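Reproduced below: input_19.txt, with compact mmCIF, C-alpha atoms.
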```txt
# COMPACT_ATOMS: atom_id res chain seq x y z
CA GLN N 1 48.24 122.03 -1.77
CA VAL N 2 48.30 119.16 0.69
CA GLN N 3 46.36 119.83 3.88
CA LEU N 4 45.33 117.79 6.89
CA VAL N 5 42.61 119.57 8.84
CA GLN N 6 41.66 118.18 12.22
CA SER N 7 38.52 118.55 14.27
CA GLY N 8 38.30 120.98 17.16
CA SER N 9 39.22 120.75 20.81
CA GLU N 10 37.38 118.35 23.09
CA VAL N 11 36.78 118.16 26.83
CA LYS N 12 35.90 114.73 28.15
CA LYS N 13 35.32 113.12 31.52
CA PRO N 14 37.41 110.19 32.72
CA GLY N 15 36.11 106.93 31.31
CA ALA N 16 34.58 108.54 28.23
CA SER N 17 35.72 108.19 24.61
CA VAL N 18 36.86 110.76 22.09
CA LYS N 19 36.95 110.60 18.29
CA VAL N 20 39.22 112.98 16.41
CA SER N 21 38.93 113.47 12.67
CA CYS N 22 41.60 114.38 10.11
CA LYS N 23 40.35 115.52 6.70
CA ALA N 24 42.86 115.28 3.87
CA SER N 25 42.90 117.38 0.74
CA GLY N 26 45.27 118.13 -2.12
CA TYR N 27 46.36 114.55 -2.73
CA SER N 28 45.04 111.03 -3.27
CA PHE N 29 43.94 110.07 0.24
CA THR N 30 44.32 106.31 -0.29
CA SER N 31 47.93 106.58 -1.50
CA TYR N 32 49.51 107.28 1.90
CA ASP N 33 49.42 105.91 5.43
CA ILE N 34 48.12 108.12 8.21
CA ASN N 35 49.82 108.03 11.61
CA TRP N 36 48.68 109.56 14.87
CA VAL N 37 51.07 111.16 17.35
CA ARG N 38 50.21 112.84 20.62
CA GLN N 39 51.97 115.33 22.85
CA ALA N 40 51.12 116.11 26.45
CA THR N 41 51.69 119.72 27.50
CA GLY N 42 55.40 120.41 27.81
CA GLN N 43 56.26 116.82 26.93
CA GLY N 44 57.68 114.97 23.95
CA LEU N 45 56.07 113.23 21.01
CA GLU N 46 54.42 109.84 21.43
CA TRP N 47 53.52 107.64 18.48
CA MET N 48 50.06 106.09 18.76
CA GLY N 49 49.67 104.03 15.61
CA TRP N 50 49.24 103.93 11.86
CA MET N 51 46.56 103.18 9.32
CA ASN N 52 46.81 102.23 5.68
CA ALA N 53 44.29 104.62 4.16
CA ASN N 54 43.77 102.32 1.18
CA ASN N 55 42.82 99.05 2.87
CA GLY N 56 42.26 100.18 6.46
CA ASN N 57 44.97 97.98 7.96
CA THR N 58 46.20 99.31 11.27
CA GLY N 59 48.99 98.95 13.83
CA TYR N 60 48.89 100.40 17.31
CA ALA N 61 51.40 101.24 20.02
CA GLN N 62 51.44 98.46 22.57
CA LYS N 63 50.56 100.72 25.50
CA LEU N 64 47.36 101.82 23.75
CA GLN N 65 46.25 98.41 22.45
CA GLY N 66 42.63 97.82 23.28
CA ARG N 67 41.83 101.50 23.77
CA VAL N 68 42.65 103.05 20.40
CA THR N 69 40.92 102.50 17.07
CA MET N 70 41.89 104.09 13.76
CA THR N 71 39.43 104.12 10.88
CA ARG N 72 38.78 106.03 7.69
CA ASP N 73 36.05 107.08 5.31
CA THR N 74 37.57 107.17 1.84
CA SER N 75 34.46 108.82 0.35
CA ILE N 76 35.28 111.99 2.26
CA SER N 77 39.08 111.52 2.55
CA THR N 78 38.94 111.52 6.32
CA ALA N 79 40.81 109.53 8.93
CA TYR N 80 39.61 109.04 12.48
CA MET N 81 41.27 108.19 15.77
CA GLU N 82 39.08 107.05 18.64
CA LEU N 83 40.47 106.66 22.16
CA SER N 84 38.33 105.04 24.83
CA SER N 85 38.43 104.72 28.63
CA LEU N 86 40.01 108.14 28.84
CA ARG N 87 42.27 109.02 31.78
CA SER N 88 43.79 112.30 32.87
CA GLU N 89 47.10 111.11 31.37
CA ASP N 90 45.45 111.16 27.93
CA THR N 91 45.22 114.95 28.06
CA ALA N 92 47.32 116.02 25.10
CA VAL N 93 47.41 117.52 21.64
CA TYR N 94 46.72 114.83 19.07
CA TYR N 95 48.22 115.10 15.60
CA CYS N 96 47.52 113.19 12.41
CA ALA N 97 50.46 112.89 10.05
CA ARG N 98 50.91 111.74 6.45
CA GLU N 99 53.67 109.16 6.02
CA VAL N 100 55.25 109.63 2.60
CA VAL N 101 57.82 106.85 2.87
CA THR N 102 58.56 104.49 5.76
CA GLY N 103 58.59 106.62 8.87
CA ARG N 104 58.94 109.90 7.06
CA VAL N 105 56.19 112.46 7.70
CA ASP N 106 55.86 115.33 5.27
CA TYR N 107 52.55 116.82 6.38
CA TRP N 108 50.92 117.17 9.77
CA GLY N 109 47.50 118.22 10.91
CA GLN N 110 47.24 121.33 13.05
CA GLY N 111 46.62 119.32 16.21
CA THR N 112 43.56 118.72 18.37
CA LEU N 113 43.63 119.39 22.10
CA VAL N 114 41.86 116.72 24.11
CA THR N 115 41.40 117.53 27.79
CA VAL N 116 40.31 114.80 30.20
CA SER N 117 38.96 116.25 33.41
CA SER N 118 36.22 115.52 35.89
CA ASP D 119 60.51 98.59 21.83
CA ILE D 120 63.44 100.59 20.51
CA GLN D 121 64.43 103.41 22.85
CA MET D 122 65.87 106.68 21.55
CA THR D 123 68.06 108.78 23.80
CA GLN D 124 68.81 112.36 22.81
CA SER D 125 71.44 114.61 24.29
CA PRO D 126 71.59 117.22 25.53
CA SER D 127 68.00 117.77 26.70
CA SER D 128 68.56 121.50 26.34
CA LEU D 129 71.28 123.88 25.29
CA SER D 130 71.90 127.61 25.13
CA ALA D 131 73.61 129.04 22.10
CA SER D 132 74.14 132.29 20.26
CA VAL D 133 73.29 133.26 16.71
CA GLY D 134 76.08 132.03 14.48
CA ASP D 135 77.10 129.16 16.76
CA ARG D 136 77.57 125.62 15.52
CA VAL D 137 75.24 123.26 17.35
CA THR D 138 75.31 119.48 17.54
CA ILE D 139 72.56 117.22 18.90
CA THR D 140 73.04 113.50 19.28
CA CYS D 141 70.59 110.62 19.29
CA ARG D 142 71.36 107.04 20.29
CA ALA D 143 69.18 104.03 19.56
CA SER D 144 68.94 101.06 21.92
CA GLN D 145 69.60 98.73 18.97
CA SER D 146 70.75 99.11 15.41
CA ILE D 147 68.22 100.91 13.20
CA GLY D 148 70.28 101.22 10.03
CA ASN D 149 69.52 104.68 8.64
CA TYR D 150 65.84 104.69 9.63
CA LEU D 151 66.29 107.94 11.50
CA ASN D 152 64.55 111.26 10.95
CA TRP D 153 64.93 114.66 12.59
CA TYR D 154 62.11 117.13 13.26
CA GLN D 155 61.97 120.72 14.46
CA GLN D 156 59.05 121.90 16.55
CA GLU D 157 58.23 125.48 17.44
CA PRO D 158 55.91 126.18 20.39
CA GLY D 159 52.27 125.59 19.55
CA LYS D 160 53.03 124.15 16.11
CA ALA D 161 53.25 120.72 14.55
CA PRO D 162 56.70 119.23 14.01
CA LYS D 163 58.49 119.92 10.74
CA LEU D 164 60.67 117.35 8.97
CA LEU D 165 64.29 118.45 8.57
CA ILE D 166 66.31 115.31 7.82
CA TYR D 167 65.19 111.86 6.69
CA GLY D 168 67.10 108.64 6.23
CA ALA D 169 69.68 109.95 8.73
CA SER D 170 71.36 112.33 6.28
CA SER D 171 68.99 113.47 3.51
CA LEU D 172 67.82 117.06 3.64
CA GLN D 173 64.07 117.53 3.26
CA SER D 174 63.10 119.80 0.38
CA GLY D 175 62.95 123.45 1.41
CA VAL D 176 65.09 123.02 4.54
CA PRO D 177 68.16 125.30 4.70
CA SER D 178 71.50 123.67 4.00
CA ARG D 179 72.85 124.73 7.43
CA PHE D 180 71.03 121.65 8.75
CA SER D 181 72.78 118.32 8.26
CA GLY D 182 72.50 114.83 9.64
CA SER D 183 74.88 111.92 9.94
CA GLY D 184 75.21 108.49 11.45
CA SER D 185 73.98 104.95 11.05
CA GLY D 186 73.34 101.94 13.21
CA THR D 187 72.85 103.30 16.72
CA ASP D 188 74.50 106.74 16.79
CA PHE D 189 73.23 109.79 14.96
CA THR D 190 73.93 113.51 14.88
CA LEU D 191 72.03 116.61 13.82
CA THR D 192 74.25 119.62 13.14
CA LEU D 193 73.28 123.24 12.64
CA SER D 194 76.31 124.89 11.10
CA SER D 195 75.42 128.49 11.94
CA LEU D 196 72.46 129.04 14.26
CA GLN D 197 69.88 131.54 13.04
CA PRO D 198 67.18 133.30 15.09
CA GLU D 199 64.46 131.12 13.57
CA ASP D 200 66.28 127.94 14.66
CA PHE D 201 65.50 128.37 18.35
CA ALA D 202 63.06 125.50 18.84
CA THR D 203 62.88 121.91 20.07
CA TYR D 204 64.40 119.12 17.98
CA TYR D 205 63.35 115.48 17.99
CA CYS D 206 64.88 112.40 16.50
CA GLN D 207 62.56 109.58 15.39
CA GLN D 208 63.31 105.97 14.50
CA SER D 209 61.11 104.19 12.01
CA TYR D 210 62.97 100.86 11.85
CA SER D 211 60.36 99.17 14.05
CA THR D 212 57.14 101.12 14.51
CA TRP D 213 58.12 104.62 15.63
CA THR D 214 59.85 106.04 18.66
CA PHE D 215 60.84 109.63 19.28
CA GLY D 216 63.68 110.94 21.35
CA GLN D 217 62.75 113.07 24.33
CA GLY D 218 63.68 116.28 22.53
CA THR D 219 66.42 118.91 22.68
CA ARG D 220 65.39 122.47 23.40
CA VAL D 221 67.67 125.04 21.77
CA GLU D 222 67.50 128.36 23.60
CA ILE D 223 69.03 131.77 23.06
CA LYS D 224 72.11 132.49 25.17
```

Rendering of file as structure tokens:
Amino acid sequence: QVQLVQSGSEVKKPGASVKVSCKASGYSFTSYDINWVRQATGQGLEWMGWMNANNGNTGYAQKLQGRVTMTRDTSISTAYMELSSLRSEDTAVYYCAREVVTGRVDYWGQGTLVTVSS
Amino acid sequence: DIQMTQSPSSLSASVGDRVTITCRASQSIGNYLNWYQQEPGKAPKLLIYGASSLQSGVPSRFSGSGSGTDFTLTLSSLQPEDFATYYCQQSYSTWTFGQGTRVEIK
């Protein structure tokens, strides 16, 4: 069965970076785009960007340009999302999501809580 | 960026009620509109894609309609497991989510 398993919770200080992993199983990793979506506590969903898992092409939300980087390691079917220059406003649960057709997500990771606090 | 406005932001309803949630896009998005359900502490779950197509495994009491800028999610007969938060999402130009509609028990 298809699964996206994310890395565990992180606590970071302001100005630091965090790298969250998303390991895919149960399907051909390079056949689908991976998107990242975050959700601050009690807030709505915010799209962060996408990555073509086959060729590594990426597209990022304008507000995160310059701070977010999405990469992958096809040998281990894992996608990564790195966010730098962390601020308290980046405290959120971060989800990876498999995009089956344009904009349509059929599988999500379980979420990774990133807390930014001094 | 395309803005998505959902209404209402919350509603109270009883089991068996018919519930309607609307989503308006700031520009035409064709039928590039999906609906998700999210329970507390869980990842979102796809309900409707392409504005009106039911995702496999989702009960038929969920339905979607609309095109262009105005969309609707309807739950024909609310069940206990349907009390959750619902989000619309446009995928016409990158992605944007609505702010969510929380469906609570009356």

Counting all atoms listed in the file, which residues of chain D fall within 10 Å of chain N, and what is the closest atom pair for each with its distance in Å at one decimal, ordered by chain and rising number, as a Markdown table?
```
| residue | atom | partner | partner_atom | distance |
| --- | --- | --- | --- | --- |
| D:Asp119 | CA | N:Gln62 | CA | 9.1 |
| D:Tyr150 | CA | N:Gly103 | CA | 7.5 |
| D:Leu151 | CA | N:Gly103 | CA | 8.2 |
| D:Asn152 | CA | N:Arg104 | CA | 7.0 |
| D:Trp153 | CA | N:Arg104 | CA | 9.4 |
| D:Tyr154 | CA | N:Val105 | CA | 9.4 |
| D:Pro158 | CA | N:Gly42 | CA | 9.4 |
| D:Gly159 | CA | N:Gly111 | CA | 9.1 |
| D:Lys160 | CA | N:Gln110 | CA | 7.1 |
| D:Ala161 | CA | N:Gln110 | CA | 6.2 |
| D:Pro162 | CA | N:Trp108 | CA | 7.5 |
| D:Lys163 | CA | N:Asp106 | CA | 7.6 |
| D:Leu164 | CA | N:Asp106 | CA | 6.4 |
| D:Leu165 | CA | N:Asp106 | CA | 9.6 |
| D:Ile166 | CA | N:Arg104 | CA | 9.2 |
| D:Tyr167 | CA | N:Arg104 | CA | 6.6 |
| D:Gly168 | CA | N:Arg104 | CA | 8.3 |
| D:Gln173 | CA | N:Asp106 | CA | 8.7 |
| D:Ser174 | CA | N:Asp106 | CA | 9.8 |
| D:Thr203 | CA | N:Gly44 | CA | 9.5 |
| D:Tyr204 | CA | N:Gly44 | CA | 9.9 |
| D:Tyr205 | CA | N:Leu45 | CA | 8.2 |
| D:Cys206 | CA | N:Leu45 | CA | 9.9 |
| D:Gln207 | CA | N:Gly103 | CA | 8.2 |
| D:Gln208 | CA | N:Gly103 | CA | 7.4 |
| D:Ser209 | CA | N:Gly103 | CA | 4.7 |
| D:Tyr210 | CA | N:Gly103 | CA | 7.8 |
| D:Ser211 | CA | N:Gly103 | CA | 9.2 |
| D:Thr212 | CA | N:Ala61 | CA | 8.0 |
| D:Trp213 | CA | N:Trp47 | CA | 6.2 |
| D:Thr214 | CA | N:Trp47 | CA | 6.5 |
| D:Phe215 | CA | N:Leu45 | CA | 6.2 |
| D:Gly216 | CA | N:Gly44 | CA | 7.7 |
| D:Gln217 | CA | N:Gly44 | CA | 5.4 |
| D:Gly218 | CA | N:Gly44 | CA | 6.3 |
| D:Thr219 | CA | N:Gly44 | CA | 9.7 |
```

Store the residues picked out above, limited to C-alpha atoms, as a PDB file, keeping the file's coordinate frame.
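Just written: selection_38.pdb:
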```pdb
ATOM      1  CA  ASP D 119      60.510  98.590  21.830  1.00  0.00           C
ATOM      2  CA  TYR D 150      65.840 104.690   9.630  1.00  0.00           C
ATOM      3  CA  LEU D 151      66.290 107.940  11.500  1.00  0.00           C
ATOM      4  CA  ASN D 152      64.550 111.260  10.950  1.00  0.00           C
ATOM      5  CA  TRP D 153      64.930 114.660  12.590  1.00  0.00           C
ATOM      6  CA  TYR D 154      62.110 117.130  13.260  1.00  0.00           C
ATOM      7  CA  PRO D 158      55.910 126.180  20.390  1.00  0.00           C
ATOM      8  CA  GLY D 159      52.270 125.590  19.550  1.00  0.00           C
ATOM      9  CA  LYS D 160      53.030 124.150  16.110  1.00  0.00           C
ATOM     10  CA  ALA D 161      53.250 120.720  14.550  1.00  0.00           C
ATOM     11  CA  PRO D 162      56.700 119.230  14.010  1.00  0.00           C
ATOM     12  CA  LYS D 163      58.490 119.920  10.740  1.00  0.00           C
ATOM     13  CA  LEU D 164      60.670 117.350   8.970  1.00  0.00           C
ATOM     14  CA  LEU D 165      64.290 118.450   8.570  1.00  0.00           C
ATOM     15  CA  ILE D 166      66.310 115.310   7.820  1.00  0.00           C
ATOM     16  CA  TYR D 167      65.190 111.860   6.690  1.00  0.00           C
ATOM     17  CA  GLY D 168      67.100 108.640   6.230  1.00  0.00           C
ATOM     18  CA  GLN D 173      64.070 117.530   3.260  1.00  0.00           C
ATOM     19  CA  SER D 174      63.100 119.800   0.380  1.00  0.00           C
ATOM     20  CA  THR D 203      62.880 121.910  20.070  1.00  0.00           C
ATOM     21  CA  TYR D 204      64.400 119.120  17.980  1.00  0.00           C
ATOM     22  CA  TYR D 205      63.350 115.480  17.990  1.00  0.00           C
ATOM     23  CA  CYS D 206      64.880 112.400  16.500  1.00  0.00           C
ATOM     24  CA  GLN D 207      62.560 109.580  15.390  1.00  0.00           C
ATOM     25  CA  GLN D 208      63.310 105.970  14.500  1.00  0.00           C
ATOM     26  CA  SER D 209      61.110 104.190  12.010  1.00  0.00           C
ATOM     27  CA  TYR D 210      62.970 100.860  11.850  1.00  0.00           C
ATOM     28  CA  SER D 211      60.360  99.170  14.050  1.00  0.00           C
ATOM     29  CA  THR D 212      57.140 101.120  14.510  1.00  0.00           C
ATOM     30  CA  TRP D 213      58.120 104.620  15.630  1.00  0.00           C
ATOM     31  CA  THR D 214      59.850 106.040  18.660  1.00  0.00           C
ATOM     32  CA  PHE D 215      60.840 109.630  19.280  1.00  0.00           C
ATOM     33  CA  GLY D 216      63.680 110.940  21.350  1.00  0.00           C
ATOM     34  CA  GLN D 217      62.750 113.070  24.330  1.00  0.00           C
ATOM     35  CA  GLY D 218      63.680 116.280  22.530  1.00  0.00           C
ATOM     36  CA  THR D 219      66.420 118.910  22.680  1.00  0.00           C
TER      37      THR D 219
END
```

Quick one: axis-aligned box around all listed atoms of stretch 85-101 of chain N, 4 Å on every side, centre and edge lengths in Å to one decimal, written as AutoDock Vina command-line options.
```
--center_x 48.1 --center_y 111.1 --center_z 17.7 --size_x 27.4 --size_y 20.8 --size_z 38.3
```

Quiz item: Which residues come within 8 Å of N:Ser117, counting only C-alpha atoms, excluding same-chain residues fewer than 3 positions away, as a ChimeraX atom specification?
Solution: /N:11-14,88

Self-check item: Spatial neighbours of N:Ser9, max dist 9 Å, only C-alpha atoms, sep filter under 4 positions, as a list in words
Solution: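 Within the cut-off, the hits are Val20, Val93, Gly111, Thr112, Leu113, Val114 and Thr115 of chain N.
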
Practice problem: Rank N:Leu4, N:Ala16, N:Ala24, N:Ala53 by their smallest atom-to-atom distance to N:Arg72, using only C-alpha atoms, and report the top residue only. | Solution: N:Ala53

Quiz item: In Å to one decimal, how far is atom CA of D:Ile147 from atom CA of D:Ser194?
Solution: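 Value for the atom CA of D:Ser194-atom CA of D:Ile147 distance: 25.4 Å.
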
Quiz item: At what distance in Å, to one decimal, does atom CA of D:Gln124 lie from atom CA of D:Gly148?
Solution: 17.0 Å

Practice problem: Rank nothing, just name the residue among N:Ser118, N:Ser28, N:Thr71, N:Ser21 nearest to N:Gln1, using all atoms listed in the file. | Solution: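 Result for the nearest residue to N:Gln1: N:Ser28.
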
Exercise. Kindly indicate which residue among D:Ser132, D:Ser178, D:Thr123, D:Gln145 lies nearest to D:Thr190, using all atoms listed in the file for the distances.
Key: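 Distance minimum relative to D:Thr190 lands on D:Thr123.
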
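Taking all atoms listed in the file into account, N:Ala92 lies nearest to N:Arg38 out of the set N:Thr74, N:Ala79, N:Asp33, N:Arg38.
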
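Relative to atom CA of D:Phe189, atom CA of D:Ser128 is found at 17.0 Å.
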
Quiz item: Near D:Leu129, counting all atoms listed in the file, which residues have an atom at most 9 Å away, once you skip same-chain residues fewer than 6 positions from it, shown as a PyMOL selection string?
Solution: chain D and resi 137+219-224

Quiz prompt | Selected residue, from N:Tyr80, N:Leu86, N:Val18, N:Gly8, that lies nearest to N:Gly56 when counting all atoms listed in the file | solution = N:Tyr80

Quiz prompt | Given all atoms listed in the file as the counted atoms, nearest of N:Glu99, N:Gly66, N:Val2, N:Tyr27 to N:Ser85 | solution =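 Ranked by minimum distance to N:Ser85, first place goes to N:Gly66.
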
Practice problem: Quick one: everything within 6 Å of D:Arg142, counting only C-alpha atoms, minus sequence neighbours fewer than 6 positions away in the same chain. Send it as a list of chain:residue names. | Solution: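 My reading of the contact set: D:Met122, D:Thr123, D:Thr187, D:Asp188.
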
Quiz item: Near D:Val133, within 6 Å and counting only C-alpha atoms, which residues show up once chain neighbours fewer than 2 positions away are dropped, as a VMD selection string?
Solution: chain D and resid 135 196 to 197

For stretch 165-197 of chain D, supply N, CA and C atoms and report the output as a CSV table (one decimal), in the coordinates of the input.
```csv
chain,number,residue,atom,x,y,z
D,165,LEU,N,63.0,117.8,9.0
D,165,LEU,CA,64.3,118.4,8.6
D,165,LEU,C,65.2,117.5,7.8
D,166,ILE,N,65.4,116.3,8.4
D,166,ILE,CA,66.3,115.3,7.8
D,166,ILE,C,65.6,114.0,7.8
D,167,TYR,N,65.7,113.2,6.7
D,167,TYR,CA,65.2,111.9,6.7
D,167,TYR,C,66.3,110.9,6.3
D,168,GLY,N,66.1,109.6,6.6
D,168,GLY,CA,67.1,108.6,6.2
D,168,GLY,C,68.5,109.0,6.8
D,169,ALA,N,68.5,109.6,8.0
D,169,ALA,CA,69.7,110.0,8.7
D,169,ALA,C,70.4,111.1,8.2
D,170,SER,N,70.5,111.3,6.8
D,170,SER,CA,71.4,112.3,6.3
D,170,SER,C,70.8,113.1,5.1
D,171,SER,N,69.6,112.8,4.7
D,171,SER,CA,69.0,113.5,3.5
D,171,SER,C,68.2,114.7,3.9
D,172,LEU,N,68.5,115.8,3.3
D,172,LEU,CA,67.8,117.1,3.6
D,172,LEU,C,66.4,117.1,3.0
D,173,GLN,N,65.4,117.4,3.8
D,173,GLN,CA,64.1,117.5,3.3
D,173,GLN,C,64.0,118.8,2.4
D,174,SER,N,63.3,118.7,1.3
D,174,SER,CA,63.1,119.8,0.4
D,174,SER,C,62.7,121.1,1.1
D,175,GLY,N,63.3,122.2,0.8
D,175,GLY,CA,63.0,123.4,1.4
D,175,GLY,C,63.7,123.8,2.7
D,176,VAL,N,64.4,122.8,3.3
D,176,VAL,CA,65.1,123.0,4.5
D,176,VAL,C,66.5,123.6,4.2
D,177,PRO,N,66.9,124.7,5.0
D,177,PRO,CA,68.2,125.3,4.7
D,177,PRO,C,69.3,124.3,4.8
D,178,SER,N,70.3,124.6,4.0
D,178,SER,CA,71.5,123.7,4.0
D,178,SER,C,72.4,123.8,5.3
D,179,ARG,N,72.1,124.7,6.2
D,179,ARG,CA,72.8,124.7,7.4
D,179,ARG,C,72.5,123.5,8.3
D,180,PHE,N,71.4,122.9,8.0
D,180,PHE,CA,71.0,121.6,8.8
D,180,PHE,C,71.7,120.5,8.0
D,181,SER,N,72.3,119.6,8.8
D,181,SER,CA,72.8,118.3,8.3
D,181,SER,C,72.7,117.2,9.3
D,182,GLY,N,72.6,116.0,8.8
D,182,GLY,CA,72.5,114.8,9.6
D,182,GLY,C,73.5,113.8,9.2
D,183,SER,N,73.9,113.0,10.2
D,183,SER,CA,74.9,111.9,9.9
D,183,SER,C,74.6,110.8,10.9
D,184,GLY,N,75.3,109.7,10.6
D,184,GLY,CA,75.2,108.5,11.4
D,184,GLY,C,74.5,107.3,10.8
D,185,SER,N,74.7,106.2,11.4
D,185,SER,CA,74.0,105.0,11.0
D,185,SER,C,74.1,103.9,12.2
D,186,GLY,N,73.3,102.9,12.2
D,186,GLY,CA,73.3,101.9,13.2
D,186,GLY,C,72.7,102.4,14.5
D,187,THR,N,73.4,102.9,15.5
D,187,THR,CA,72.8,103.3,16.7
D,187,THR,C,73.1,104.8,17.1
D,188,ASP,N,74.1,105.4,16.4
D,188,ASP,CA,74.5,106.7,16.8
D,188,ASP,C,74.3,107.7,15.7
D,189,PHE,N,73.6,108.8,16.0
D,189,PHE,CA,73.2,109.8,15.0
D,189,PHE,C,73.5,111.2,15.5
D,190,THR,N,73.7,112.1,14.5
D,190,THR,CA,73.9,113.5,14.9
D,190,THR,C,73.2,114.4,14.0
D,191,LEU,N,72.6,115.5,14.6
D,191,LEU,CA,72.0,116.6,13.8
D,191,LEU,C,72.9,117.8,14.1
D,192,THR,N,73.4,118.5,13.0
D,192,THR,CA,74.2,119.6,13.1
D,192,THR,C,73.6,120.8,12.5
D,193,LEU,N,73.7,122.0,13.2
D,193,LEU,CA,73.3,123.2,12.6
D,193,LEU,C,74.6,124.0,12.5
D,194,SER,N,75.0,124.3,11.3
D,194,SER,CA,76.3,124.9,11.1
D,194,SER,C,76.4,126.3,11.6
D,195,SER,N,75.4,127.1,11.5
D,195,SER,CA,75.4,128.5,11.9
D,195,SER,C,74.0,128.9,12.4
D,196,LEU,N,73.8,128.9,13.7
D,196,LEU,CA,72.5,129.0,14.3
D,196,LEU,C,71.9,130.4,13.9
D,197,GLN,N,70.6,130.3,13.4
D,197,GLN,CA,69.9,131.5,13.0
D,197,GLN,C,68.7,131.8,14.0
```
